[in-house]
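Engineer: So here's coords-v4.cif, just mmCIF, C-alpha atoms:
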data_work
#
loop_
_atom_site.label_atom_id
_atom_site.label_comp_id
_atom_site.auth_asym_id
_atom_site.auth_seq_id
_atom_site.Cartn_x
_atom_site.Cartn_y
_atom_site.Cartn_z
CA MET A 1 -25.84 -13.04 -2.08
CA HIS A 2 -27.11 -11.19 1.00
CA ASP A 3 -25.77 -7.91 -0.46
CA TRP A 4 -22.26 -9.00 0.54
CA ASN A 5 -19.16 -7.44 -0.96
CA ILE A 6 -17.46 -10.40 -2.70
CA HIS A 7 -14.09 -10.57 -4.46
CA PHE A 8 -12.83 -13.54 -6.48
CA VAL A 9 -9.16 -14.46 -6.91
CA ASP A 10 -7.47 -17.20 -8.94
CA SER A 11 -4.43 -17.93 -6.76
CA LEU A 12 -2.98 -17.63 -3.27
CA ALA A 13 -0.61 -14.92 -4.54
CA ASP A 14 -3.60 -12.85 -5.70
CA ALA A 15 -5.32 -13.46 -2.36
CA ARG A 16 -2.26 -12.22 -0.46
CA ARG A 17 -2.12 -9.05 -2.53
CA LEU A 18 -5.82 -8.39 -1.94
CA LEU A 19 -5.56 -8.97 1.82
CA ARG A 20 -2.74 -6.43 2.06
CA THR A 21 -5.10 -3.64 1.00
CA ARG A 22 -8.59 -4.77 2.00
CA VAL A 23 -10.20 -5.96 5.25
CA TYR A 24 -12.48 -9.01 5.17
CA GLY A 25 -14.21 -11.09 7.83
CA VAL A 26 -14.82 -14.32 5.92
CA GLY A 27 -12.87 -16.27 3.30
CA LEU A 28 -14.07 -19.10 1.06
CA VAL A 29 -11.47 -21.51 -0.32
CA LEU A 30 -11.93 -24.14 -3.04
CA HIS A 31 -9.72 -27.24 -2.82
CA ASP A 32 -9.99 -29.59 -5.80
CA GLY A 33 -7.51 -32.12 -4.45
CA LEU A 34 -4.73 -30.95 -6.76
CA ALA A 35 -3.52 -27.95 -4.77
CA ASP A 36 -0.64 -28.28 -2.31
CA ALA A 37 -2.34 -28.72 1.09
CA ARG A 38 0.81 -27.58 2.94
CA GLU A 39 1.02 -24.35 0.95
CA LEU A 40 -2.68 -23.72 1.55
CA ALA A 41 -2.26 -24.45 5.28
CA GLY A 42 0.59 -21.91 5.45
CA PHE A 43 -1.60 -19.30 3.81
CA LEU A 44 -4.52 -19.97 6.17
CA ARG A 45 -2.20 -19.86 9.18
CA GLN A 46 -0.89 -16.48 8.05
CA HIS A 47 -4.44 -15.12 7.69
CA GLY A 48 -6.02 -16.94 10.62
CA HIS A 49 -7.88 -13.79 11.70
CA LEU A 50 -10.51 -14.52 9.01
CA GLN A 51 -13.30 -17.06 9.37
CA TRP A 52 -12.51 -19.61 6.64
CA VAL A 53 -15.02 -21.93 4.94
CA GLY A 54 -13.85 -24.67 2.57
CA ILE A 55 -15.31 -26.33 -0.53
CA PHE A 56 -13.73 -29.70 -1.39
CA ALA A 57 -13.92 -32.24 -4.14
CA PRO A 58 -15.19 -35.49 -2.49
CA HIS A 59 -12.01 -37.43 -3.28
CA ALA A 60 -9.89 -34.68 -1.64
CA LEU A 61 -11.31 -35.69 1.75
CA ASP A 62 -9.39 -38.97 1.53
CA SER A 63 -6.14 -37.07 2.06
CA PRO A 64 -4.78 -36.87 5.66
CA GLY A 65 -3.44 -33.41 4.82
CA CYS A 66 -6.96 -32.33 3.95
CA HIS A 67 -8.27 -33.61 7.29
CA ASP A 68 -5.69 -31.52 9.15
CA LEU A 69 -6.53 -28.51 7.00
CA ILE A 70 -10.21 -28.70 7.97
CA LEU A 71 -9.64 -29.38 11.67
CA GLU A 72 -6.98 -26.71 12.20
CA HIS A 73 -7.98 -23.84 9.92
CA LEU A 74 -11.66 -23.96 8.88
CA CYS A 75 -14.81 -23.13 10.78
CA ASP A 76 -16.90 -25.27 8.35
CA TYR A 77 -16.69 -27.02 4.97
CA HIS A 78 -18.84 -28.29 2.07
CA THR A 79 -18.30 -30.85 -0.69
CA LEU A 80 -18.98 -30.55 -4.40
CA PRO A 81 -21.57 -30.18 -5.80
CA VAL A 82 -22.44 -27.30 -3.49
CA ASP A 83 -25.97 -26.58 -2.27
CA PRO A 84 -26.07 -22.73 -2.61
CA VAL A 85 -28.74 -22.36 0.10
CA ARG A 86 -26.75 -24.33 2.68
CA LEU A 87 -23.56 -22.50 1.67
CA GLY A 88 -25.36 -19.18 2.13
CA TYR A 89 -26.36 -20.16 5.67
CA THR A 90 -22.78 -21.25 6.46
CA LEU A 91 -21.26 -18.02 5.16
CA GLY A 92 -23.83 -15.96 7.05
CA HIS A 93 -23.02 -17.80 10.26
CA ALA A 94 -19.27 -17.27 9.70
CA HIS A 95 -19.86 -13.60 8.93
CA GLY A 96 -21.82 -13.23 12.18
CA TRP A 97 -18.94 -14.73 14.13
CA ALA A 98 -16.48 -12.41 12.38
CA MET A 99 -18.56 -9.36 13.31
CA LEU A 100 -18.84 -10.44 16.95
CA ARG A 101 -15.08 -10.90 17.18
CA ARG A 102 -14.18 -7.62 15.53
CA HIS A 103 -13.01 -5.03 18.08
CA PRO A 104 -13.87 -1.44 17.11
CA ARG A 105 -10.23 -0.28 17.45
CA VAL A 106 -8.56 -3.23 15.76
CA HIS A 107 -7.98 -3.47 12.04
CA VAL A 108 -6.30 -6.35 10.29
CA GLU A 109 -2.72 -5.84 9.16
CA ASP A 110 -0.78 -8.06 6.81
CA THR A 111 2.09 -9.95 8.45
CA GLY A 112 4.41 -8.38 5.93
CA LEU A 113 3.93 -5.00 7.60
CA ASP A 114 7.19 -3.25 8.30
CA ALA A 115 8.33 -4.42 11.73
CA THR A 116 9.59 -0.91 12.47
CA ALA A 117 6.19 0.74 11.92
CA LEU A 118 4.95 3.03 14.69
CA VAL A 119 1.57 1.41 15.31
CA GLY A 120 -1.27 3.43 16.83
CA ASP A 121 -3.89 5.99 15.92
CA GLY A 122 -4.46 7.63 19.31
CA ALA A 123 -3.79 11.32 19.92
CA ALA A 124 -0.35 10.69 21.45
CA MET A 125 0.88 8.64 18.49
CA LEU A 126 -0.61 10.99 15.91
CA ARG A 127 1.25 13.85 17.60
CA LEU A 128 4.50 11.82 17.67
CA ARG A 129 4.25 10.86 14.00
CA ASN A 130 3.62 14.50 13.11
CA GLN A 131 6.75 15.52 15.04
CA ILE A 132 8.77 12.77 13.34
CA ASP A 133 7.60 13.98 9.93
CA ARG A 134 8.93 17.44 10.79
CA VAL A 135 12.30 16.50 12.24
CA ALA A 136 13.00 13.95 9.49
CA LYS A 137 13.10 16.73 6.90
CA VAL A 138 16.11 18.47 8.47
CA ALA A 139 19.61 17.32 9.37
CA ALA A 140 19.83 18.68 12.93
CA PRO A 141 20.52 16.27 15.83
CA VAL A 142 17.51 14.73 17.57
CA LEU A 143 17.31 13.75 21.23
CA ILE A 144 14.61 11.19 22.07
CA TRP A 145 13.40 10.70 25.62
CA GLY A 146 11.22 7.82 26.68
CA GLU A 147 10.86 5.15 29.33
CA SER A 148 12.59 1.83 28.80
CA GLY A 149 10.68 -0.30 26.31
CA SER A 150 8.58 2.56 24.93
CA GLY A 151 9.98 2.38 21.38
CA LYS A 152 12.78 4.94 21.16
CA GLU A 153 14.70 2.97 18.53
CA LEU A 154 11.55 2.59 16.41
CA ALA A 155 11.16 6.37 16.44
CA ALA A 156 14.82 6.76 15.41
CA GLN A 157 14.33 4.27 12.57
CA ALA A 158 11.22 6.16 11.43
CA ILE A 159 13.19 9.43 11.37
CA HIS A 160 15.89 7.77 9.28
CA ALA A 161 13.39 6.12 6.90
CA GLN A 162 11.65 9.45 6.19
CA SER A 163 14.83 11.47 5.81
CA GLU A 164 17.01 12.20 2.81
CA ARG A 165 19.48 9.68 4.25
CA ALA A 166 17.06 6.76 4.00
CA GLY A 167 19.27 5.13 1.37
CA GLY A 168 22.26 5.20 3.72
CA PRO A 169 23.00 2.98 6.72
CA PHE A 170 21.16 3.14 10.04
CA VAL A 171 23.72 2.23 12.72
CA PRO A 172 22.39 1.73 16.27
CA ILE A 173 24.78 1.82 19.23
CA ASN A 174 23.74 1.03 22.79
CA CYS A 175 26.18 3.14 24.78
CA GLY A 176 25.40 1.24 27.96
CA ALA A 177 25.98 -2.22 26.47
CA ILE A 178 29.61 -1.79 25.36
CA ALA A 179 32.37 -2.40 27.89
CA PRO A 180 33.97 0.91 28.95
CA SER A 181 37.39 -0.38 27.92
CA LEU A 182 36.16 -1.07 24.37
CA ILE A 183 33.75 1.76 23.68
CA HIS A 184 36.38 4.18 22.32
CA SER A 185 37.71 1.68 19.76
CA GLU A 186 34.15 0.55 18.89
CA LEU A 187 32.94 4.10 18.24
CA PHE A 188 36.01 5.60 16.58
CA GLY A 189 37.84 2.55 15.22
CA TYR A 190 41.55 1.79 15.45
CA GLU A 191 44.68 1.37 13.36
CA ARG A 192 46.84 -1.71 13.15
CA GLY A 193 49.12 -1.93 16.17
CA ALA A 194 47.09 0.57 18.23
CA PHE A 195 46.94 -1.99 21.06
CA SER A 196 47.80 -5.61 21.72
CA GLY A 197 45.73 -7.78 19.36
CA ALA A 198 45.03 -5.03 16.80
CA THR A 199 46.44 -6.99 13.85
CA ARG A 200 44.57 -4.91 11.27
CA ALA A 201 42.86 -1.54 10.99
CA LYS A 202 39.15 -1.38 11.68
CA ALA A 203 36.59 1.36 11.02
CA GLY A 204 34.49 2.35 14.02
CA LEU A 205 30.71 2.44 14.22
CA ILE A 206 30.60 6.21 13.65
CA GLU A 207 32.61 5.84 10.45
CA SER A 208 30.43 2.93 9.28
CA ALA A 209 27.37 5.21 9.47
CA HIS A 210 28.80 7.60 6.83
CA GLY A 211 25.98 8.90 4.63
CA GLY A 212 23.32 7.68 7.01
CA THR A 213 22.09 7.95 10.60
CA LEU A 214 23.95 7.15 13.81
CA PHE A 215 21.60 6.18 16.64
CA LEU A 216 23.19 6.59 20.08
CA ASP A 217 20.88 4.74 22.45
CA GLU A 218 21.19 5.35 26.21
CA ILE A 219 23.54 8.26 25.54
CA GLY A 220 23.41 9.11 29.23
CA ASP A 221 25.56 6.02 29.94
CA LEU A 222 28.44 7.30 27.79
CA PRO A 223 31.56 7.72 29.97
CA GLN A 224 32.50 11.36 30.53
CA GLU A 225 35.93 11.02 28.89
CA LEU A 226 34.21 9.87 25.68
CA GLN A 227 31.65 12.66 25.88
CA VAL A 228 34.53 15.01 25.04
CA ASN A 229 35.42 12.99 21.93
CA LEU A 230 31.80 12.88 20.80
CA LEU A 231 31.44 16.63 21.30
CA ARG A 232 34.56 17.23 19.21
CA PHE A 233 33.13 15.03 16.44
CA LEU A 234 29.82 16.93 16.49
CA GLN A 235 31.70 20.22 16.21
CA GLU A 236 34.27 19.26 13.57
CA LYS A 237 32.54 16.35 11.73
CA THR A 238 35.83 14.43 11.79
CA ILE A 239 37.15 11.50 13.82
CA SER A 240 40.57 10.05 14.52
CA ARG A 241 40.96 6.32 14.89
CA LEU A 242 42.73 5.00 17.96
CA GLY A 243 46.45 4.96 17.22
CA SER A 244 46.22 7.58 14.45
CA THR A 245 46.42 11.35 14.22
CA ARG A 246 44.81 11.46 10.77
CA ALA A 247 41.40 13.18 10.72
CA ILE A 248 38.67 11.34 8.79
CA ALA A 249 35.63 13.32 7.63
CA VAL A 250 32.35 11.56 8.46
CA ASP A 251 28.92 12.72 7.31
CA VAL A 252 26.25 11.35 9.64
CA ARG A 253 23.01 12.52 11.20
CA ILE A 254 22.96 12.02 14.97
CA VAL A 255 19.89 10.72 16.75
CA ALA A 256 20.40 10.09 20.48
CA ALA A 257 18.07 8.59 23.05
CA SER A 258 17.88 8.21 26.81
CA HIS A 259 15.48 6.82 29.39
CA VAL A 260 16.72 9.41 31.90
CA GLN A 261 16.29 13.16 31.58
CA LEU A 262 19.68 14.38 30.39
CA GLN A 263 19.02 17.83 31.83
CA ASP A 264 18.85 16.17 35.24
CA ALA A 265 22.11 14.33 34.46
CA VAL A 266 23.67 17.69 33.55
CA ASP A 267 22.47 19.17 36.84
CA ALA A 268 23.99 16.18 38.67
CA GLY A 269 27.33 16.76 36.92
CA VAL A 270 27.45 13.38 35.14
CA PHE A 271 26.71 14.66 31.63
CA ARG A 272 28.37 17.55 29.83
CA GLU A 273 26.11 20.55 29.39
CA ASP A 274 27.74 21.57 26.08
CA LEU A 275 27.19 18.07 24.67
CA TYR A 276 23.59 18.10 25.88
CA TYR A 277 22.82 21.28 23.94
CA ARG A 278 24.56 19.86 20.87
CA LEU A 279 22.32 16.79 20.98
CA ALA A 280 19.02 18.32 22.08
CA VAL A 281 18.45 20.58 19.07
CA LEU A 282 15.22 18.72 18.26
CA PRO A 283 13.79 16.98 21.36
CA LEU A 284 11.17 14.24 21.05
CA ALA A 285 9.25 12.55 23.88
CA ILE A 286 7.93 9.00 23.35
CA PRO A 287 4.68 8.40 25.25
CA ALA A 288 4.58 5.50 27.69
CA LEU A 289 2.13 2.72 26.86
CA ARG A 290 -0.09 3.67 29.82
CA GLU A 291 -0.52 7.09 28.17
CA ARG A 292 -1.87 5.56 24.96
CA ARG A 293 -4.35 2.94 26.15
CA ASP A 294 -6.55 3.51 23.10
CA ASP A 295 -3.81 1.90 21.00
CA LEU A 296 -3.55 -1.28 23.09
CA PRO A 297 -5.96 -3.48 21.06
CA LEU A 298 -4.34 -2.36 17.82
CA LEU A 299 -0.83 -2.98 19.14
CA ALA A 300 -1.78 -6.39 20.54
CA GLU A 301 -3.27 -7.38 17.18
CA HIS A 302 -0.16 -6.12 15.39
CA PHE A 303 2.13 -8.31 17.49
CA PHE A 304 -0.31 -11.24 17.16
CA ARG A 305 0.18 -10.99 13.38
CA ARG A 306 3.92 -10.34 13.58
CA TYR A 307 4.60 -13.50 15.62
CA ALA A 308 1.84 -15.63 14.07
CA SER A 309 4.36 -18.34 13.12
CA GLU A 310 4.76 -19.16 16.84
CA LYS A 311 1.07 -19.79 17.53
CA SER A 312 -1.17 -22.82 17.35
CA PRO A 313 -3.15 -22.97 14.07
CA ARG A 314 -6.41 -22.99 16.05
CA LEU A 315 -5.64 -19.74 17.87
CA ARG A 316 -7.73 -16.95 16.33
CA GLY A 317 -7.15 -13.83 18.45
CA PHE A 318 -7.93 -12.17 21.78
CA SER A 319 -10.99 -12.68 23.93
CA HIS A 320 -12.84 -9.60 25.14
CA ARG A 321 -11.75 -10.45 28.68
CA ALA A 322 -8.12 -10.43 27.52
CA LEU A 323 -8.57 -7.00 25.90
CA GLU A 324 -10.19 -5.67 29.08
CA ALA A 325 -7.33 -7.06 31.20
CA MET A 326 -4.79 -5.35 28.94
CA LEU A 327 -6.65 -2.05 29.25
CA ASP A 328 -6.60 -2.39 33.04
CA HIS A 329 -2.88 -3.21 33.30
CA ALA A 330 -0.33 -0.49 34.14
CA TRP A 331 2.32 -1.73 31.63
CA PRO A 332 5.45 -0.73 33.57
CA GLY A 333 7.54 -2.42 30.87
CA ASN A 334 5.77 -0.53 28.07
CA VAL A 335 5.63 -1.99 24.54
CA ARG A 336 8.45 -4.43 25.29
CA GLU A 337 6.32 -5.96 28.05
CA LEU A 338 3.33 -6.16 25.71
CA ILE A 339 5.39 -8.04 23.11
CA ASN A 340 6.61 -10.44 25.81
CA ARG A 341 3.10 -11.17 27.08
CA VAL A 342 1.60 -11.61 23.60
CA ARG A 343 4.37 -14.00 22.50
CA ARG A 344 3.95 -16.03 25.68
CA ALA A 345 0.20 -16.23 25.09
CA LEU A 346 0.69 -17.38 21.48
CA VAL A 347 2.61 -20.40 22.74
CA MET A 348 0.72 -21.19 25.96
CA ALA A 349 -2.93 -20.59 24.94
CA ASP A 350 -5.00 -23.80 24.76
CA GLY A 351 -8.25 -22.43 23.33
CA ARG A 352 -9.19 -20.56 20.17
CA LEU A 353 -8.96 -17.17 21.89
CA ILE A 354 -6.30 -15.74 24.21
CA THR A 355 -7.46 -15.29 27.82
CA PRO A 356 -6.16 -13.01 30.61
CA ASP A 357 -4.43 -16.04 32.18
CA ASP A 358 -2.59 -16.73 28.91
CA LEU A 359 -1.22 -13.18 29.07
CA GLY A 360 -0.29 -13.53 32.74
CA LEU A 361 -2.93 -10.91 33.58
CA ALA A 362 -5.25 -12.66 36.00
CA ALA A 363 -8.70 -11.07 36.07
CA GLY A 364 -8.94 -8.46 38.81
CA ALA A 365 -5.24 -8.57 39.65
CA VAL A 366 -4.64 -5.08 38.35
CA ALA A 367 -8.08 -3.61 38.70
CA GLY A 368 -8.03 0.02 39.75
CA THR A 369 -4.67 0.83 38.13
CA ALA A 370 -6.16 2.74 35.21
CA PRO A 371 -8.38 4.97 37.40
CA LEU A 372 -5.40 5.67 39.66
CA ASP A 373 -3.27 6.64 36.64
CA ASP A 374 -6.12 8.83 35.37
CA ALA A 375 -6.37 10.60 38.73
CA ARG A 376 -2.62 11.22 38.80
CA GLY A 377 -2.76 12.54 35.27
CA ARG A 378 -5.56 14.97 36.12
CA SER A 379 -3.72 16.17 39.20
CA GLU A 380 -0.48 16.64 37.22
CA ARG A 381 -2.26 18.54 34.46
CA GLY A 382 -4.02 20.77 36.98
CA ALA A 383 -0.73 21.65 38.69
CA LEU A 384 0.85 22.51 35.34
CA LEU A 385 -2.05 24.74 34.32
CA GLU A 386 -2.08 26.62 37.63
CA SER A 387 1.68 27.18 37.56
CA LEU A 388 1.61 28.39 33.94
CA GLU A 389 -1.23 30.78 34.69
CA ARG A 390 0.57 32.22 37.74
CA SER A 391 3.75 32.71 35.71
CA GLY A 392 1.99 34.30 32.74
CA ARG A 393 2.89 31.28 30.56
CA ASN A 394 6.58 31.76 31.34
CA VAL A 395 7.89 28.20 31.13
CA SER A 396 11.14 28.91 33.01
CA LEU A 397 9.32 30.47 35.97
CA ALA A 398 6.72 27.69 36.04
CA ALA A 399 9.43 25.02 35.93
CA ARG A 400 11.30 26.71 38.79
CA GLU A 401 8.10 26.88 40.85
CA LEU A 402 7.39 23.17 40.28
CA GLY A 403 11.02 22.20 40.95
CA VAL A 404 11.66 20.59 37.55
CA SER A 405 14.00 21.36 34.66
CA ARG A 406 12.82 23.24 31.59
CA THR A 407 13.22 20.04 29.54
CA THR A 408 10.98 18.15 31.95
CA MET A 409 8.51 21.04 31.89
CA TYR A 410 8.28 20.95 28.10
CA ARG A 411 7.89 17.19 28.14
CA LEU A 412 5.03 17.44 30.63
CA MET A 413 3.39 20.18 28.57
CA ASP A 414 3.60 17.96 25.48
CA LYS A 415 2.22 15.03 27.46
CA HIS A 416 -0.87 17.04 28.47
CA SER A 417 -1.18 18.97 25.16
CA LEU A 418 -0.55 22.33 26.86
CA ARG A 419 1.77 23.84 24.26
CA GLU A 420 0.19 26.67 22.31
#
Using structure tokens, write down the structure from this file.
Structural biologist:
Amino acid sequence: MHDWNIHFVDSLADARRLLRTRVYGVGLVLHDGLADARELAGFLRQHGHLQWVGIFAPHALDSPGCHDLILEHLCDYHTLPVDPVRLGYTLGHAHGWAMLRRHPRVHVEDTGLDATALVGDGAAMLRLRNQIDRVAKVAAPVLIWGESGSGKELAAQAIHAQSERAGGPFVPINCGAIAPSLIHSELFGYERGAFSGATRAKAGLIESAHGGTLFLDEIGDLPQELQVNLLRFLQEKTISRLGSTRAIAVDVRIVAASHVQLQDAVDAGVFREDLYYRLAVLPLAIPALRERRDDLPLLAEHFFRRYASEKSPRLRGFSHRALEAMLDHAWPGNVRELINRVRRALVMADGRLITPDDLGLAAGAVAGTAPLDDARGRSERGALLESLERSGRNVSLAARELGVSRTTMYRLMDKHSLRE
């Protein structure tokens, strides 16, 4: 039929398995009146990115559940016996709609995709994934820098998942979210009677990560008195619980992250230099969302699938105007902001396609942001190149000339692909 590539399946389970590995634009479903309409509706809701056509036994149309199925999930339907010519026209029309809606950068992902996946195929993300592949193979500490909301914890989870410690625990700790009076006992644990209310001994978060990875998020917020304890642990690989002098050996891999440049914090005297060098053995920089605009349609589609259970059954995807508005937006909140806007649109959208207004990105409200960012990027890259040329590619001299730290200099060189 029309030289189409057609696959037949006997059950919804088989269809789910096929859709995990193959991309289709149109689906044809046969409902004989015996199948569970609610189960079928759940399947169609999960795979609402396809154009679905139904074939029904005439008596099946008497069911209210079947009416809802047609109105909410199908673009057209036929009854048995089927006229093959009319069905061919219907499928061709649905295929045409599917091709018009398909964005060149967006591919369909199954909703079962790992929520921790680093989504994107732009140059910045390919470079980041390559770096993660490298650092995951060794046990040295990793220091991740990135703006708030850019995905630092996802990168840490990817490092853990690809390491030899993947079978062990991944324990995240937000150093800025624990009360200063509790952070010592939370990190290192305590013995019974160590303080008022300590009625039993408790292992700390560091100890609970034994055999796995300890992720220290916002490490720059760690109080200075605890920086000493953490440094001692990194040197000796042992901890002592609060109220005890007994040393406990702990085998963990440290991955730390910060939204501020720790080298700048060292220069300001609020972060220990010796701890910084212990943590920054393998530095990674997470690109901001504005630096990876090519990935925006793919990311938006990924989150559309991930939170599909929150959307109206009639909602099919993003309009071209919505995609253009996303490409024009500056994304100061990075990926976290994108998730927020997509989830809001899933709930608030009235039509079949998400509009700029549904995303809170009124048309023209942010026009000109992308060109301004591009101009700044070109100017920044030009300054880096000139300074490196004047210094004979000596990074320390170039950093001193530009008035930035060496860490910042390396990050900027990575950002503009200037490392040799």
Engineer: Quick one: contact table of range 276-319 of chain A to range 265-271 of chain A, 12 Å max, nearest atom pair and distance in Å to one decimal per residue, counting all atoms listed in the file, chain and number order, as a tab-separated table?
Structural biologist:
residue	atom	partner	partner_atom	distance
A:Tyr276	CA	A:Phe271	CA	7.4
A:Tyr277	CA	A:Val266	CA	10.3
A:Leu279	CA	A:Phe271	CA	11.7
Engineer: Using all atoms listed in the file, collect all residues at a distance of at most 10 Å from (27.4, 11.0, 2.2) as written in the file, then present them as a CSV table (one decimal) with C-alpha atoms, keeping the file's coordinate frame.
Structural biologist:
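Wrote selection32.csv, looks like this:
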chain,number,residue,atom,x,y,z
A,165,ARG,CA,19.5,9.7,4.2
A,168,GLY,CA,22.3,5.2,3.7
A,209,ALA,CA,27.4,5.2,9.5
A,210,HIS,CA,28.8,7.6,6.8
A,211,GLY,CA,26.0,8.9,4.6
A,212,GLY,CA,23.3,7.7,7.0
A,250,VAL,CA,32.4,11.6,8.5
A,251,ASP,CA,28.9,12.7,7.3
A,252,VAL,CA,26.2,11.4,9.6
Engineer: Using the chain letters and numbers from the file, give me the residues hit by the PyMOL selection byres ((chain A and resi 34-48) around 6), as a list of chain:residue names.
Structural biologist: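 After applying the PyMOL selection byres ((chain A and resi 34-48) around 6), what remains is A:Asp32, A:Gly33, A:His49, A:Leu50, A:Pro313, A:Arg316.
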Engineer: To test your reading of the syntax: which residues would the PyMOL selection byres ((chain A and resi 216-218) around 8) return for the file shown? Reply as a list of chain:residue names.
Structural biologist: A:Glu153, A:Pro172, A:Ile173, A:Asn174, A:Cys175, A:Gly176, A:Leu214, A:Phe215, A:Ile219, A:Gly220, A:Asp221, A:Leu222, A:Ile254, A:Val255, A:Ala256, A:Ala257, A:Ser258, A:His259
Engineer: So that I can see what lies close to Leu205 in chain A, please list as an MDAnalysis selection string the residues with an atom at most 7 Å from it, counting only C-alpha atoms and leaving out residues fewer than 2 positions away in the same chain.
Structural biologist: chainID A and resid 186:188 203 207:209
Engineer: Between CA of Met409 in chain A and CA of Val395 in chain A, what is the distance, to one decimal in Å?
Structural biologist: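 Separating CA of Met409 in chain A from CA of Val395 in chain A is a distance of 7.2 Å.
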Engineer: Please enumerate the residues selected by the PyMOL selection byres ((chain A and resi 120) around 8) when evaluated against the supplied file, formatted as a PDB file with C-alpha atoms, in the coordinates of the input.
Structural biologist:
ATOM      1  CA  LEU A 118       4.950   3.030  14.690  1.00  0.00           C
ATOM      2  CA  VAL A 119       1.570   1.410  15.310  1.00  0.00           C
ATOM      3  CA  ASP A 121      -3.890   5.990  15.920  1.00  0.00           C
ATOM      4  CA  GLY A 122      -4.460   7.630  19.310  1.00  0.00           C
ATOM      5  CA  MET A 125       0.880   8.640  18.490  1.00  0.00           C
ATOM      6  CA  LEU A 126      -0.610  10.990  15.910  1.00  0.00           C
ATOM      7  CA  ASP A 295      -3.810   1.900  21.000  1.00  0.00           C
ATOM      8  CA  LEU A 298      -4.340  -2.360  17.820  1.00  0.00           C
ATOM      9  CA  LEU A 299      -0.830  -2.980  19.140  1.00  0.00           C
TER      10      LEU A 299
END
Engineer: Counting all atoms listed in the file, figure out which residue out of A:Leu315, A:Val142, A:Ala300, A:Ala124 gets nearest to His73 in chain A.
Structural biologist: A:Leu315
Engineer: Grab the CA of Arg305 in chain A to CA of Gly167 in chain A distance for me, in Å with one decimal place.
Structural biologist: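 Between CA of Arg305 in chain A and CA of Gly167 in chain A the gap works out to 27.7 Å.
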Engineer: So, with all atoms listed in the file as the atoms that count, which of A:Asp264, A:Glu386, A:Glu380, A:Glu324 lies closest to Pro356 in chain A?
Structural biologist: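 Selected residue with least distance to Pro356 in chain A: A:Glu324.
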Engineer: Using only C-alpha atoms, list the residues that have an atom at most 10 Å from (-3.6, -15.7, 22.4), coordinates as in the file, as a ChimeraX atom specification.
Structural biologist: /A:300-301,304,308,311-312,315-319,322,341-359
Engineer: Do you know which residues are at most 8 Å from Thr238 in chain A counting all atoms listed in the file, after dropping those on the same chain fewer than 4 positions away, and could you put them as a compact mmCIF listing (two decimals) with C-alpha atoms, keeping the file's coordinate frame?
Structural biologist:
# COMPACT_ATOMS: atom_id res chain seq x y z
CA PHE A 233 33.13 15.03 16.44
CA ALA A 247 41.40 13.18 10.72
CA ILE A 248 38.67 11.34 8.79
CA ALA A 249 35.63 13.32 7.63
CA VAL A 250 32.35 11.56 8.46
Engineer: Report, in Å to a single decimal, how far apart CA of Phe303 in chain A and CA of Thr21 in chain A are.
Structural biologist: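 Atom-to-atom, CA of Thr21 in chain A and CA of Phe303 in chain A are spaced 18.6 Å apart.
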Engineer: Check the smallest atom-to-atom distance from each of A:Leu12, A:Leu242, A:Cys66, A:Val138 to Gln162 in chain A using only C-alpha atoms, then report the winner.
Structural biologist: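 Answer, going by the shortest atom-to-atom distance: A:Val138.
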Engineer: Can you tell me, as a PyMOL selection string, what residues are no more than 12 Å from Asn229 in chain A when counting only C-alpha atoms, ignoring any on the same chain fewer than 4 positions away?
Structural biologist: chain A and resi 183-185+187-188+206+222-225+233-242+272+275
